[in-house]
file data.cif (mmCIF, C-alpha atoms and all ligand atoms)
data_my_file
loop_
_atom_site.label_atom_id
_atom_site.label_comp_id
_atom_site.auth_asym_id
_atom_site.auth_seq_id
_atom_site.Cartn_x
_atom_site.Cartn_y
_atom_site.Cartn_z
CA MET A 5 19.13 -6.57 14.16
CA ALA A 6 17.32 -7.24 17.43
CA LYS A 7 15.22 -10.22 18.43
CA ASN A 8 11.48 -9.76 18.69
CA GLU A 9 9.02 -12.49 19.56
CA ASN A 10 8.09 -12.45 15.87
CA GLY A 11 11.69 -12.90 14.69
CA GLU A 12 14.54 -10.61 13.59
CA ARG A 13 13.68 -6.94 13.68
CA ALA A 14 15.62 -4.30 11.73
CA ASP A 15 17.30 -1.58 13.79
CA ASP A 16 15.53 1.73 14.28
CA ARG A 17 16.86 4.72 12.39
CA GLN A 18 16.51 8.36 13.38
CA ILE A 19 16.27 11.07 10.71
CA GLY A 20 15.80 14.45 12.39
CA HIS A 21 12.43 14.42 14.15
CA ALA A 22 11.46 11.12 12.53
CA THR A 23 12.38 7.62 13.65
CA VAL A 24 11.91 4.64 11.37
CA LEU A 25 10.83 1.81 13.69
CA GLY A 26 12.52 -1.17 12.08
CA GLY A 27 10.10 -3.93 11.13
CA VAL A 28 10.46 -7.68 11.47
CA ARG A 29 12.17 -9.22 8.38
CA GLY A 30 13.09 -5.70 7.31
CA GLY A 31 9.39 -4.88 6.99
CA LYS A 32 8.42 -7.58 4.49
CA TYR A 33 4.66 -8.15 4.36
CA PRO A 34 2.79 -8.72 6.65
CA HIS A 35 5.29 -6.60 8.62
CA GLY A 36 6.32 -3.01 7.96
CA ASN A 37 8.45 -0.07 9.06
CA SER A 38 6.36 2.42 11.03
CA LEU A 39 7.41 6.04 11.36
CA LEU A 40 7.43 7.92 14.67
CA VAL A 41 7.52 11.74 14.41
CA GLU A 42 8.24 13.76 17.55
CA GLY A 43 7.84 17.52 17.91
CA SER A 44 8.18 19.80 20.92
CA GLU A 45 4.39 19.80 21.47
CA GLU A 46 3.09 16.51 20.09
CA SER A 47 4.12 13.21 18.60
CA LEU A 48 2.44 10.90 16.12
CA ILE A 49 2.98 7.49 14.61
CA ILE A 50 2.43 6.70 10.93
CA ASP A 51 1.20 3.21 9.97
CA PRO A 52 1.60 1.22 13.21
CA SER A 53 2.66 -2.22 11.99
CA LEU A 54 2.44 -5.77 13.26
CA SER A 55 6.12 -5.44 14.22
CA LEU A 56 5.24 -3.08 17.08
CA ILE A 57 3.50 -5.88 18.98
CA GLY A 58 5.78 -7.24 21.68
CA ARG A 59 8.42 -4.73 20.66
CA PRO A 60 11.21 -4.25 23.17
CA PRO A 61 11.80 -2.05 25.00
CA PHE A 62 8.63 -0.03 24.52
CA VAL A 63 5.83 1.05 22.30
CA PRO A 64 6.01 4.84 22.35
CA ALA A 65 3.05 6.80 23.64
CA VAL A 66 1.81 9.13 20.89
CA ASP A 67 -0.78 11.89 20.57
CA ARG A 68 -2.09 10.71 17.20
CA VAL A 69 -2.12 7.77 14.82
CA ILE A 70 -1.94 8.55 11.10
CA ASN A 71 -2.61 5.83 8.51
CA SER A 72 -1.38 6.28 4.95
CA HIS A 73 -4.29 4.12 3.78
CA CYS A 74 -6.71 1.45 4.97
CA HIS A 75 -4.95 -1.87 4.37
CA GLU A 76 -4.60 -4.63 6.94
CA ASP A 77 -0.82 -4.43 7.40
CA HIS A 78 -0.83 -0.63 7.88
CA ILE A 79 -3.40 -0.62 10.68
CA ALA A 80 -2.32 -3.87 12.42
CA GLY A 81 -0.79 -1.95 15.34
CA ASN A 82 -3.44 0.79 15.61
CA HIS A 83 -5.02 -1.07 18.55
CA LEU A 84 -1.91 -0.36 20.64
CA PHE A 85 -2.99 3.31 20.67
CA LEU A 86 -6.63 3.19 21.72
CA ASP A 87 -6.35 6.39 23.78
CA SER A 88 -5.12 8.47 20.83
CA PRO A 89 -7.20 9.78 17.91
CA TRP A 90 -6.75 7.94 14.61
CA HIS A 91 -6.58 9.86 11.33
CA MET A 92 -7.01 8.64 7.74
CA HIS A 93 -7.83 10.18 4.36
CA ALA A 94 -11.56 10.79 3.86
CA LEU A 95 -11.73 8.34 0.93
CA ASP A 96 -10.41 5.36 2.97
CA ARG A 97 -11.74 6.27 6.42
CA SER A 98 -14.91 4.15 6.19
CA GLY A 99 -12.65 1.08 6.38
CA LEU A 100 -12.25 1.87 10.07
CA ASP A 101 -16.02 1.97 10.70
CA SER A 102 -16.55 -1.79 10.67
CA LEU A 103 -15.22 -5.07 9.29
CA GLU A 104 -17.79 -4.84 6.50
CA GLY A 105 -16.56 -1.34 5.66
CA MET A 106 -13.00 -2.68 5.57
CA LEU A 107 -13.96 -5.60 3.30
CA GLU A 108 -15.53 -3.26 0.74
CA ILE A 109 -12.07 -1.86 -0.01
CA TYR A 110 -10.89 -5.28 -1.21
CA GLY A 111 -14.05 -6.46 -2.92
CA TYR A 112 -13.60 -10.17 -2.15
CA ALA A 113 -16.70 -12.33 -2.45
CA GLY A 114 -17.92 -15.64 -1.01
CA PRO A 115 -15.46 -17.89 0.86
CA SER A 116 -12.57 -15.46 0.21
CA ALA A 117 -14.45 -12.73 2.08
CA ASP A 118 -15.14 -15.09 5.01
CA TYR A 119 -11.50 -16.18 5.17
CA PHE A 120 -10.21 -12.62 5.02
CA ARG A 121 -12.74 -11.34 7.57
CA LYS A 122 -11.30 -13.86 10.06
CA ALA A 123 -7.68 -13.04 9.13
CA LEU A 124 -8.33 -9.32 9.64
CA VAL A 125 -9.35 -10.00 13.24
CA ASP A 126 -7.06 -12.91 14.18
CA ASP A 127 -3.87 -11.92 12.36
CA PHE A 128 -4.16 -8.14 11.91
CA HIS A 129 -6.01 -7.19 15.13
CA TYR A 130 -8.70 -5.28 13.22
CA THR A 131 -10.32 -2.84 15.66
CA PRO A 132 -13.25 -0.72 14.48
CA ARG A 133 -12.90 2.98 15.15
CA PRO A 134 -16.00 4.81 13.85
CA ASP A 135 -14.75 8.03 15.45
CA ALA A 136 -11.57 8.05 13.32
CA ILE A 137 -10.96 11.52 11.89
CA ALA A 138 -10.84 12.15 8.14
CA PHE A 139 -8.08 14.29 6.62
CA SER A 140 -7.66 15.59 3.09
CA ASP A 141 -4.91 16.62 0.68
CA GLY A 142 -2.73 19.44 1.95
CA GLU A 143 -3.68 19.09 5.61
CA VAL A 144 -0.78 19.79 7.98
CA PHE A 145 -0.15 18.33 11.43
CA ASP A 146 2.03 20.81 13.35
CA LEU A 147 3.83 18.96 16.13
CA GLY A 148 6.00 21.89 17.25
CA GLY A 149 9.20 22.41 15.26
CA VAL A 150 8.17 19.70 12.80
CA THR A 151 5.19 19.31 10.47
CA VAL A 152 3.60 16.35 8.71
CA ARG A 153 1.82 17.32 5.46
CA VAL A 154 -0.69 15.11 3.65
CA ILE A 155 -0.18 14.47 -0.08
CA HIS A 156 -3.13 12.53 -1.57
CA ALA A 157 -1.61 9.84 -3.79
CA PRO A 158 -4.48 7.56 -4.89
CA GLY A 159 -4.35 4.39 -6.98
CA HIS A 160 -3.20 1.73 -4.52
CA THR A 161 -6.41 2.60 -2.66
CA ARG A 162 -8.73 5.57 -3.17
CA GLY A 163 -7.42 7.40 -0.14
CA HIS A 164 -3.74 6.39 -0.21
CA CYS A 165 -1.49 9.28 0.86
CA CYS A 166 2.18 10.16 1.09
CA LEU A 167 3.35 12.26 4.04
CA ALA A 168 6.02 14.96 3.91
CA ILE A 169 7.94 15.60 7.14
CA GLU A 170 9.57 19.03 7.35
CA PRO A 171 12.10 20.49 8.02
CA ASP A 172 13.68 17.03 7.92
CA GLY A 173 13.09 16.48 4.19
CA VAL A 174 11.57 13.02 4.67
CA LEU A 175 8.92 11.84 2.20
CA TYR A 176 7.01 8.82 3.48
CA LEU A 177 5.71 6.86 0.48
CA GLY A 178 3.47 4.27 2.17
CA ASP A 179 2.75 1.52 -0.36
CA ILE A 180 4.42 3.18 -3.28
CA GLU A 181 6.82 0.58 -2.02
CA LEU A 182 9.37 0.58 -4.88
CA THR A 183 9.86 -3.21 -4.85
CA SER A 184 10.48 -5.38 -7.91
CA PHE A 185 6.88 -6.68 -7.54
CA GLY A 186 5.68 -3.35 -8.91
CA PRO A 187 2.58 -1.28 -8.20
CA TYR A 188 -0.38 -3.07 -6.61
CA TYR A 189 -3.78 -2.05 -8.01
CA GLY A 190 -5.63 -5.32 -7.47
CA ASP A 191 -8.40 -4.34 -5.04
CA ALA A 192 -11.93 -3.08 -5.67
CA TRP A 193 -10.79 0.36 -4.48
CA SER A 194 -7.56 0.36 -6.51
CA SER A 195 -7.15 2.22 -9.79
CA LEU A 196 -4.42 1.69 -12.36
CA ALA A 197 -5.11 5.06 -13.99
CA ASP A 198 -4.92 6.90 -10.66
CA PHE A 199 -1.77 5.02 -9.71
CA GLU A 200 -0.05 6.11 -12.94
CA ARG A 201 -0.98 9.76 -12.33
CA THR A 202 0.29 9.42 -8.76
CA LEU A 203 3.61 7.90 -9.89
CA ALA A 204 4.17 10.82 -12.28
CA ALA A 205 3.30 13.36 -9.57
CA VAL A 206 5.41 11.73 -6.86
CA ARG A 207 8.42 11.63 -9.20
CA LYS A 208 8.49 15.45 -9.03
CA LEU A 209 8.54 15.62 -5.23
CA GLU A 210 11.85 16.82 -3.81
CA ALA A 211 13.07 15.26 -0.57
CA SER A 212 16.38 14.24 0.92
CA ARG A 213 15.10 10.89 2.21
CA TYR A 214 12.35 8.67 0.80
CA ALA A 215 10.84 6.13 3.21
CA THR A 216 8.74 3.12 2.24
CA PHE A 217 6.68 0.94 4.60
CA HIS A 218 8.03 -2.39 3.38
CA HIS A 219 11.49 -3.89 2.94
CA ILE A 220 13.06 -1.32 0.60
CA GLY A 221 13.07 0.93 3.68
CA VAL A 222 14.72 4.35 3.35
CA LEU A 223 16.43 5.67 0.21
CA ASP A 224 19.06 8.33 0.97
CA SER A 225 19.16 10.29 -2.27
CA ARG A 226 16.83 11.61 -4.92
CA ASP A 227 18.79 9.75 -7.62
CA ALA A 228 18.28 6.43 -5.84
CA PHE A 229 14.56 7.23 -5.47
CA VAL A 230 14.05 8.18 -9.12
CA ASP A 231 15.93 5.09 -10.28
CA ARG A 232 13.80 2.78 -8.12
CA LEU A 233 10.58 4.63 -8.97
CA ASP A 234 11.21 4.32 -12.71
CA ARG A 235 11.83 0.59 -12.42
CA PHE A 236 8.73 0.23 -10.21
CA THR A 237 6.63 2.15 -12.77
CA ALA A 238 8.01 0.07 -15.65
CA VAL A 239 6.43 -3.07 -14.19
CA ILE A 240 3.02 -1.71 -15.31
CA GLY A 241 4.16 -1.57 -18.95
CA SER A 242 5.76 -4.98 -18.68
CA ARG A 243 2.50 -6.54 -17.44
CA GLU A 244 0.65 -4.89 -20.31
CA GLN A 245 3.20 -6.04 -22.88
CA ARG A 246 2.98 -9.63 -21.66
CA LEU A 247 -0.82 -9.43 -21.85
CA LEU A 248 -0.64 -8.26 -25.48
CA GLU A 249 1.68 -11.13 -26.32
CA PHE A 250 -0.65 -13.63 -24.64
CA LEU A 251 -3.55 -12.20 -26.64
CA ARG A 252 -1.96 -12.99 -30.00
CA GLU A 253 -4.30 -15.96 -29.57
CA PRO A 254 -7.84 -15.31 -28.27
CA HIS A 255 -8.28 -15.88 -24.55
CA THR A 256 -11.02 -15.51 -21.97
CA LEU A 257 -10.65 -13.44 -18.81
CA GLU A 258 -10.43 -16.64 -16.75
CA GLU A 259 -7.54 -17.84 -18.94
CA ILE A 260 -5.82 -14.49 -18.42
CA VAL A 261 -6.32 -14.85 -14.66
CA ALA A 262 -4.92 -18.39 -14.69
CA HIS A 263 -1.91 -17.37 -16.80
CA ARG A 264 -0.78 -14.90 -14.09
CA PHE A 265 0.56 -11.45 -14.96
CA VAL A 266 0.83 -9.87 -11.50
CA TYR A 267 2.03 -12.88 -9.56
CA ARG A 268 4.24 -15.63 -10.91
CA PRO A 269 2.60 -18.90 -11.91
CA GLY A 270 2.72 -21.17 -8.88
CA ASP A 271 3.09 -18.36 -6.31
CA ALA A 272 0.95 -19.51 -3.39
CA VAL A 273 -0.86 -16.25 -2.69
CA ALA A 274 -4.31 -16.11 -1.14
CA PHE A 275 -6.67 -14.04 -3.32
CA ALA A 276 -4.29 -14.22 -6.32
CA ASP A 277 -7.18 -14.90 -8.70
CA SER A 278 -9.11 -11.89 -7.41
CA VAL A 279 -6.05 -9.62 -7.70
CA GLU A 280 -5.22 -10.87 -11.21
CA ARG A 281 -8.84 -10.37 -12.32
CA ARG A 282 -9.12 -6.84 -10.96
CA SER A 283 -5.66 -5.80 -12.20
CA MET A 284 -5.84 -7.26 -15.69
CA THR A 285 -9.44 -6.13 -16.26
CA GLN A 286 -8.12 -2.58 -15.98
CA HIS A 287 -5.37 -3.27 -18.53
CA LEU A 288 -7.89 -4.96 -20.88
CA ALA A 289 -10.31 -2.05 -20.66
CA ARG A 290 -7.75 0.52 -21.67
CA LEU A 291 -6.33 -1.66 -24.46
CA VAL A 292 -9.87 -2.02 -25.84
CA THR A 293 -10.36 1.76 -25.64
CA ALA A 294 -7.04 2.26 -27.47
CA GLY A 295 -8.16 -0.18 -30.19
CA ARG A 296 -5.28 -2.56 -29.46
CA VAL A 297 -7.46 -5.41 -28.18
CA ALA A 298 -10.90 -6.49 -29.40
CA GLU A 299 -13.59 -8.64 -27.81
CA VAL A 300 -14.10 -11.30 -30.49
CA ALA A 301 -16.66 -13.37 -28.58
CA PRO A 302 -18.39 -12.80 -25.24
CA GLU A 303 -15.64 -12.43 -22.60
CA THR A 304 -12.97 -13.43 -25.12
CA TRP A 305 -10.25 -11.02 -26.26
CA VAL A 306 -7.56 -10.91 -28.94
CA ALA A 307 -4.84 -8.38 -29.77
CA ARG A 308 -5.03 -6.66 -33.16
ZN ZN B 1 -1.50 -1.28 0.97
#
call {"tool": "encode", "arguments": {"input": "data.cif", "output": "structure tokens"}}
result
Amino acid sequence: MAKNENGERADDRQIGHATVLGGVRGGKYPHGNSLLVEGSEESLIIDPSLSLIGRPPFVPAVDRVINSHCHEDHIAGNHLFLDSPWHMHALDRSGLDSLEGMLEIYGYAGPSADYFRKALVDDFHYTPRPDAIAFSDGEVFDLGGVTVRVIHAPGHTRGHCCLAIEPDGVLYLGDIELTSFGPYYGDAWSSLADFERTLAAVRKLEASRYATFHHIGVLDSRDAFVDRLDRFTAVIGSREQRLLEFLREPHTLEEIVAHRFVYRPGDAVAFADSVERRSMTQHLARLVTAGRVAEVAPETWVAR
């Protein structure tokens, strides 16, 4: 561990042409572990994090910035690379146009939107970049002796992507973060159904190392990855099961939100209500479609 002005920073780790730039607190939110990839012709950085600010001894110069998706913690260090082009999937790219474009991804309203607009600028150094370049699934960045290939993996956001680094066998998973919290699909631009398809698809991807942005960091074997991924995926079913149990008695959406299925009751999380509402509305909708939950009065549901 090395000292950074923000606190303890995890050591860097080199894997072939890729270097995991260790984040503060191991990359726990709002920090993260960025990935530097260096070829013989070009270099690029994936998801420049808050931990790069004030980083000793240097912030590497790069030819390109690649973002796995448009969330505040993944673009917080983009402003350190103003002379390089920024790249993001076409479905998230509008978040770099303007603050308002960024806010659409989350879907917060009223005072929450005002609070978050300020946090994006003050805490996450939001910098508009209307000339950011859109990429799509399958696109390859050839850096000379090493390539970075885009794998569209939506659900967390519409444009969320994984990145495969070859020949080093590194699969960068972005916010398929494999923590015990489970998958996050609580924003306006999140989709539970897409996330489940993505989890099934990603499970088939062969790599020798699997890198996450947050504190799980790098997993060194496919077995370790599959084990973590399965437990991560199971959190979705566990949220749904707890919802069904809660709905043995009729409840309104606001009671479901207050009960807390994504966060723990009492967790002091800004926007928790919004995230619970968006997440559990998606569970409710599919349980209604499956005939397992019925709306017995306006905005009031019960399991059957
Ligand atoms: Zn994210």
call {"tool": "closest_residue", "arguments": {"input": "data.cif", "among": "A:Gly270, A:Gly295, A:Pro171, A:Pro302", "to": "Pro254 of chain A", "atoms": "all atoms listed in the file"}}
result
A:Pro302
call {"tool": "atom_distance", "arguments": {"input": "data.cif", "atom1": "atom CA of Leu167 of chain A", "atom2": "atom CA of Val150 of chain A"}}
result
12.5 Å
call {"tool": "residues_around", "arguments": {"input": "data.cif", "residues": "segment 132-147 of chain A", "least_positions_apart": "6", "cutoff": "7 Å", "atoms": "all atoms listed in the file", "output": "count of residues only"}}
result
20
call {"tool": "atom_distance", "arguments": {"input": "data.cif", "atom1": "atom CA of Thr202 of chain A", "atom2": "atom CA of Ser53 of chain A"}}
result
23.9 Å
call {"tool": "residues_near_ligand", "arguments": {"input": "data.cif", "ligand": "ligand ZN 1 (chain B)", "cutoff": "8 Å", "atoms": "only C-alpha atoms and all ligand atoms", "output": "list in words"}}
result
His73, Cys74, His75, Glu76, Asp77, His78, His160, Thr161, Gly178, Asp179 and Tyr188 of chain A
call {"tool": "write_last_selection", "arguments": {"input": "data.cif", "atoms": "C-alpha atoms", "output": "PDB file, keeping the file's coordinate frame"}}
result
ATOM      1  CA  HIS A  73      -4.290   4.120   3.780  1.00  0.00           C
ATOM      2  CA  CYS A  74      -6.710   1.450   4.970  1.00  0.00           C
ATOM      3  CA  HIS A  75      -4.950  -1.870   4.370  1.00  0.00           C
ATOM      4  CA  GLU A  76      -4.600  -4.630   6.940  1.00  0.00           C
ATOM      5  CA  ASP A  77      -0.820  -4.430   7.400  1.00  0.00           C
ATOM      6  CA  HIS A  78      -0.830  -0.630   7.880  1.00  0.00           C
ATOM      7  CA  HIS A 160      -3.200   1.730  -4.520  1.00  0.00           C
ATOM      8  CA  THR A 161      -6.410   2.600  -2.660  1.00  0.00           C
ATOM      9  CA  GLY A 178       3.470   4.270   2.170  1.00  0.00           C
ATOM     10  CA  ASP A 179       2.750   1.520  -0.360  1.00  0.00           C
ATOM     11  CA  TYR A 188      -0.380  -3.070  -6.610  1.00  0.00           C
TER      12      TYR A 188
END
call {"tool": "closest_residue", "arguments": {"input": "data.cif", "among": "A:Arg268, A:His35, A:His255, A:Arg235", "to": "Asp127 of chain A", "atoms": "only C-alpha atoms"}}
result
A:His35
call {"tool": "atom_distance", "arguments": {"input": "data.cif", "atom1": "atom CA of Val69 of chain A", "atom2": "atom CA of Pro52 of chain A"}}
result
7.7 Å
call {"tool": "residues_around", "arguments": {"input": "data.cif", "residues": "segment 211-221 of chain A", "least_positions_apart": "2", "cutoff": "6 Å", "atoms": "all atoms listed in the file", "output": "ChimeraX atom specification"}}
result
/A:30-32,36-37,173-178,181,223-225
call {"tool": "closest_residue", "arguments": {"input": "data.cif", "among": "A:Arg232, A:His83, A:Arg252, A:His287", "to": "Gly186 of chain A", "atoms": "all atoms listed in the file"}}
result
A:Arg232
call {"tool": "closest_residue", "arguments": {"input": "data.cif", "among": "A:Met284, A:Val261, A:Leu84, A:Ile79", "to": "Arg243 of chain A", "atoms": "all atoms listed in the file"}}
result
A:Met284
call {"tool": "decode", "arguments": {"input": "data.cif", "residues": "segment 37-48 of chain A", "atoms": "all heavy atoms", "output": "PDB file, in the first residue's frame"}}
result
ATOM      1  N   ASN A  37     -10.262   0.934  -9.491  1.00  0.00           N
ATOM      2  CA  ASN A  37      -8.996   0.486 -10.060  1.00  0.00           C
ATOM      3  C   ASN A  37      -9.041   0.686 -11.572  1.00  0.00           C
ATOM      4  O   ASN A  37      -9.727  -0.043 -12.273  1.00  0.00           O
ATOM      5  CB  ASN A  37      -8.774  -0.991  -9.733  1.00  0.00           C
ATOM      6  CG  ASN A  37      -8.853  -1.274  -8.244  1.00  0.00           C
ATOM      7  OD1 ASN A  37      -8.093  -0.713  -7.463  1.00  0.00           O
ATOM      8  ND2 ASN A  37      -9.794  -2.118  -7.844  1.00  0.00           N
ATOM      9  N   SER A  38      -8.303   1.687 -12.042  1.00  0.00           N
ATOM     10  CA  SER A  38      -8.252   1.942 -13.488  1.00  0.00           C
ATOM     11  C   SER A  38      -7.283   0.959 -14.129  1.00  0.00           C
ATOM     12  O   SER A  38      -6.458   0.349 -13.452  1.00  0.00           O
ATOM     13  CB  SER A  38      -7.775   3.367 -13.750  1.00  0.00           C
ATOM     14  OG  SER A  38      -8.575   4.293 -13.047  1.00  0.00           O
ATOM     15  N   LEU A  39      -7.402   0.829 -15.446  1.00  0.00           N
ATOM     16  CA  LEU A  39      -6.541  -0.114 -16.168  1.00  0.00           C
ATOM     17  C   LEU A  39      -5.793   0.641 -17.269  1.00  0.00           C
ATOM     18  O   LEU A  39      -6.414   1.282 -18.119  1.00  0.00           O
ATOM     19  CB  LEU A  39      -7.419  -1.207 -16.775  1.00  0.00           C
ATOM     20  CG  LEU A  39      -6.769  -2.554 -17.049  1.00  0.00           C
ATOM     21  CD1 LEU A  39      -6.310  -3.193 -15.746  1.00  0.00           C
ATOM     22  CD2 LEU A  39      -7.761  -3.484 -17.737  1.00  0.00           C
ATOM     23  N   LEU A  40      -4.470   0.556 -17.214  1.00  0.00           N
ATOM     24  CA  LEU A  40      -3.619   1.160 -18.245  1.00  0.00           C
ATOM     25  C   LEU A  40      -3.177   0.048 -19.187  1.00  0.00           C
ATOM     26  O   LEU A  40      -2.748  -1.014 -18.718  1.00  0.00           O
ATOM     27  CB  LEU A  40      -2.401   1.801 -17.568  1.00  0.00           C
ATOM     28  CG  LEU A  40      -1.306   2.371 -18.467  1.00  0.00           C
ATOM     29  CD1 LEU A  40      -1.812   3.611 -19.202  1.00  0.00           C
ATOM     30  CD2 LEU A  40      -0.074   2.731 -17.615  1.00  0.00           C
ATOM     31  N   VAL A  41      -3.333   0.255 -20.501  1.00  0.00           N
ATOM     32  CA  VAL A  41      -2.903  -0.760 -21.473  1.00  0.00           C
ATOM     33  C   VAL A  41      -1.908  -0.100 -22.429  1.00  0.00           C
ATOM     34  O   VAL A  41      -2.219   0.926 -23.042  1.00  0.00           O
ATOM     35  CB  VAL A  41      -4.095  -1.346 -22.264  1.00  0.00           C
ATOM     36  CG1 VAL A  41      -3.633  -2.526 -23.125  1.00  0.00           C
ATOM     37  CG2 VAL A  41      -5.218  -1.779 -21.326  1.00  0.00           C
ATOM     38  N   GLU A  42      -0.724  -0.697 -22.526  1.00  0.00           N
ATOM     39  CA  GLU A  42       0.359  -0.090 -23.309  1.00  0.00           C
ATOM     40  C   GLU A  42       0.830  -1.023 -24.413  1.00  0.00           C
ATOM     41  O   GLU A  42       1.294  -2.131 -24.139  1.00  0.00           O
ATOM     42  CB  GLU A  42       1.532   0.252 -22.388  1.00  0.00           C
ATOM     43  CG  GLU A  42       1.170   1.309 -21.346  1.00  0.00           C
ATOM     44  CD  GLU A  42       2.240   1.479 -20.282  1.00  0.00           C
ATOM     45  OE1 GLU A  42       2.437   0.534 -19.488  1.00  0.00           O
ATOM     46  OE2 GLU A  42       2.877   2.539 -20.254  1.00  0.00           O
ATOM     47  N   GLY A  43       0.700  -0.557 -25.668  1.00  0.00           N
ATOM     48  CA  GLY A  43       1.223  -1.293 -26.808  1.00  0.00           C
ATOM     49  C   GLY A  43       2.465  -0.619 -27.356  1.00  0.00           C
ATOM     50  O   GLY A  43       2.938   0.377 -26.800  1.00  0.00           O
ATOM     51  N   SER A  44       2.987  -1.166 -28.458  1.00  0.00           N
ATOM     52  CA  SER A  44       4.208  -0.588 -29.033  1.00  0.00           C
ATOM     53  C   SER A  44       3.905   0.722 -29.760  1.00  0.00           C
ATOM     54  O   SER A  44       4.781   1.560 -29.942  1.00  0.00           O
ATOM     55  CB  SER A  44       4.861  -1.591 -29.978  1.00  0.00           C
ATOM     56  OG  SER A  44       3.945  -1.944 -31.002  1.00  0.00           O
ATOM     57  N   GLU A  45       2.649   0.921 -30.182  1.00  0.00           N
ATOM     58  CA  GLU A  45       2.283   2.128 -30.927  1.00  0.00           C
ATOM     59  C   GLU A  45       1.499   3.137 -30.099  1.00  0.00           C
ATOM     60  O   GLU A  45       1.645   4.343 -30.290  1.00  0.00           O
ATOM     61  CB  GLU A  45       1.413   1.751 -32.150  1.00  0.00           C
ATOM     62  CG  GLU A  45       2.018   0.712 -33.068  1.00  0.00           C
ATOM     63  CD  GLU A  45       3.246   1.247 -33.790  1.00  0.00           C
ATOM     64  OE1 GLU A  45       3.256   2.437 -34.140  1.00  0.00           O
ATOM     65  OE2 GLU A  45       4.206   0.465 -33.964  1.00  0.00           O
ATOM     66  N   GLU A  46       0.629   2.640 -29.243  1.00  0.00           N
ATOM     67  CA  GLU A  46      -0.289   3.519 -28.512  1.00  0.00           C
ATOM     68  C   GLU A  46      -0.526   2.972 -27.124  1.00  0.00           C
ATOM     69  O   GLU A  46      -0.289   1.793 -26.857  1.00  0.00           O
ATOM     70  CB  GLU A  46      -1.664   3.544 -29.226  1.00  0.00           C
ATOM     71  CG  GLU A  46      -1.793   4.540 -30.347  1.00  0.00           C
ATOM     72  CD  GLU A  46      -3.256   4.736 -30.743  1.00  0.00           C
ATOM     73  OE1 GLU A  46      -4.158   4.365 -29.965  1.00  0.00           O
ATOM     74  OE2 GLU A  46      -3.474   5.263 -31.838  1.00  0.00           O
ATOM     75  N   SER A  47      -1.064   3.844 -26.269  1.00  0.00           N
ATOM     76  CA  SER A  47      -1.519   3.390 -24.948  1.00  0.00           C
ATOM     77  C   SER A  47      -2.905   3.968 -24.692  1.00  0.00           C
ATOM     78  O   SER A  47      -3.300   4.970 -25.308  1.00  0.00           O
ATOM     79  CB  SER A  47      -0.550   3.847 -23.864  1.00  0.00           C
ATOM     80  OG  SER A  47      -0.547   5.252 -23.794  1.00  0.00           O
ATOM     81  N   LEU A  48      -3.634   3.320 -23.803  1.00  0.00           N
ATOM     82  CA  LEU A  48      -4.938   3.878 -23.414  1.00  0.00           C
ATOM     83  C   LEU A  48      -5.199   3.568 -21.958  1.00  0.00           C
ATOM     84  O   LEU A  48      -4.576   2.681 -21.373  1.00  0.00           O
ATOM     85  CB  LEU A  48      -6.058   3.361 -24.324  1.00  0.00           C
ATOM     86  CG  LEU A  48      -6.336   1.864 -24.436  1.00  0.00           C
ATOM     87  CD1 LEU A  48      -7.090   1.339 -23.221  1.00  0.00           C
ATOM     88  CD2 LEU A  48      -7.172   1.596 -25.690  1.00  0.00           C
TER      89      LEU A  48
END
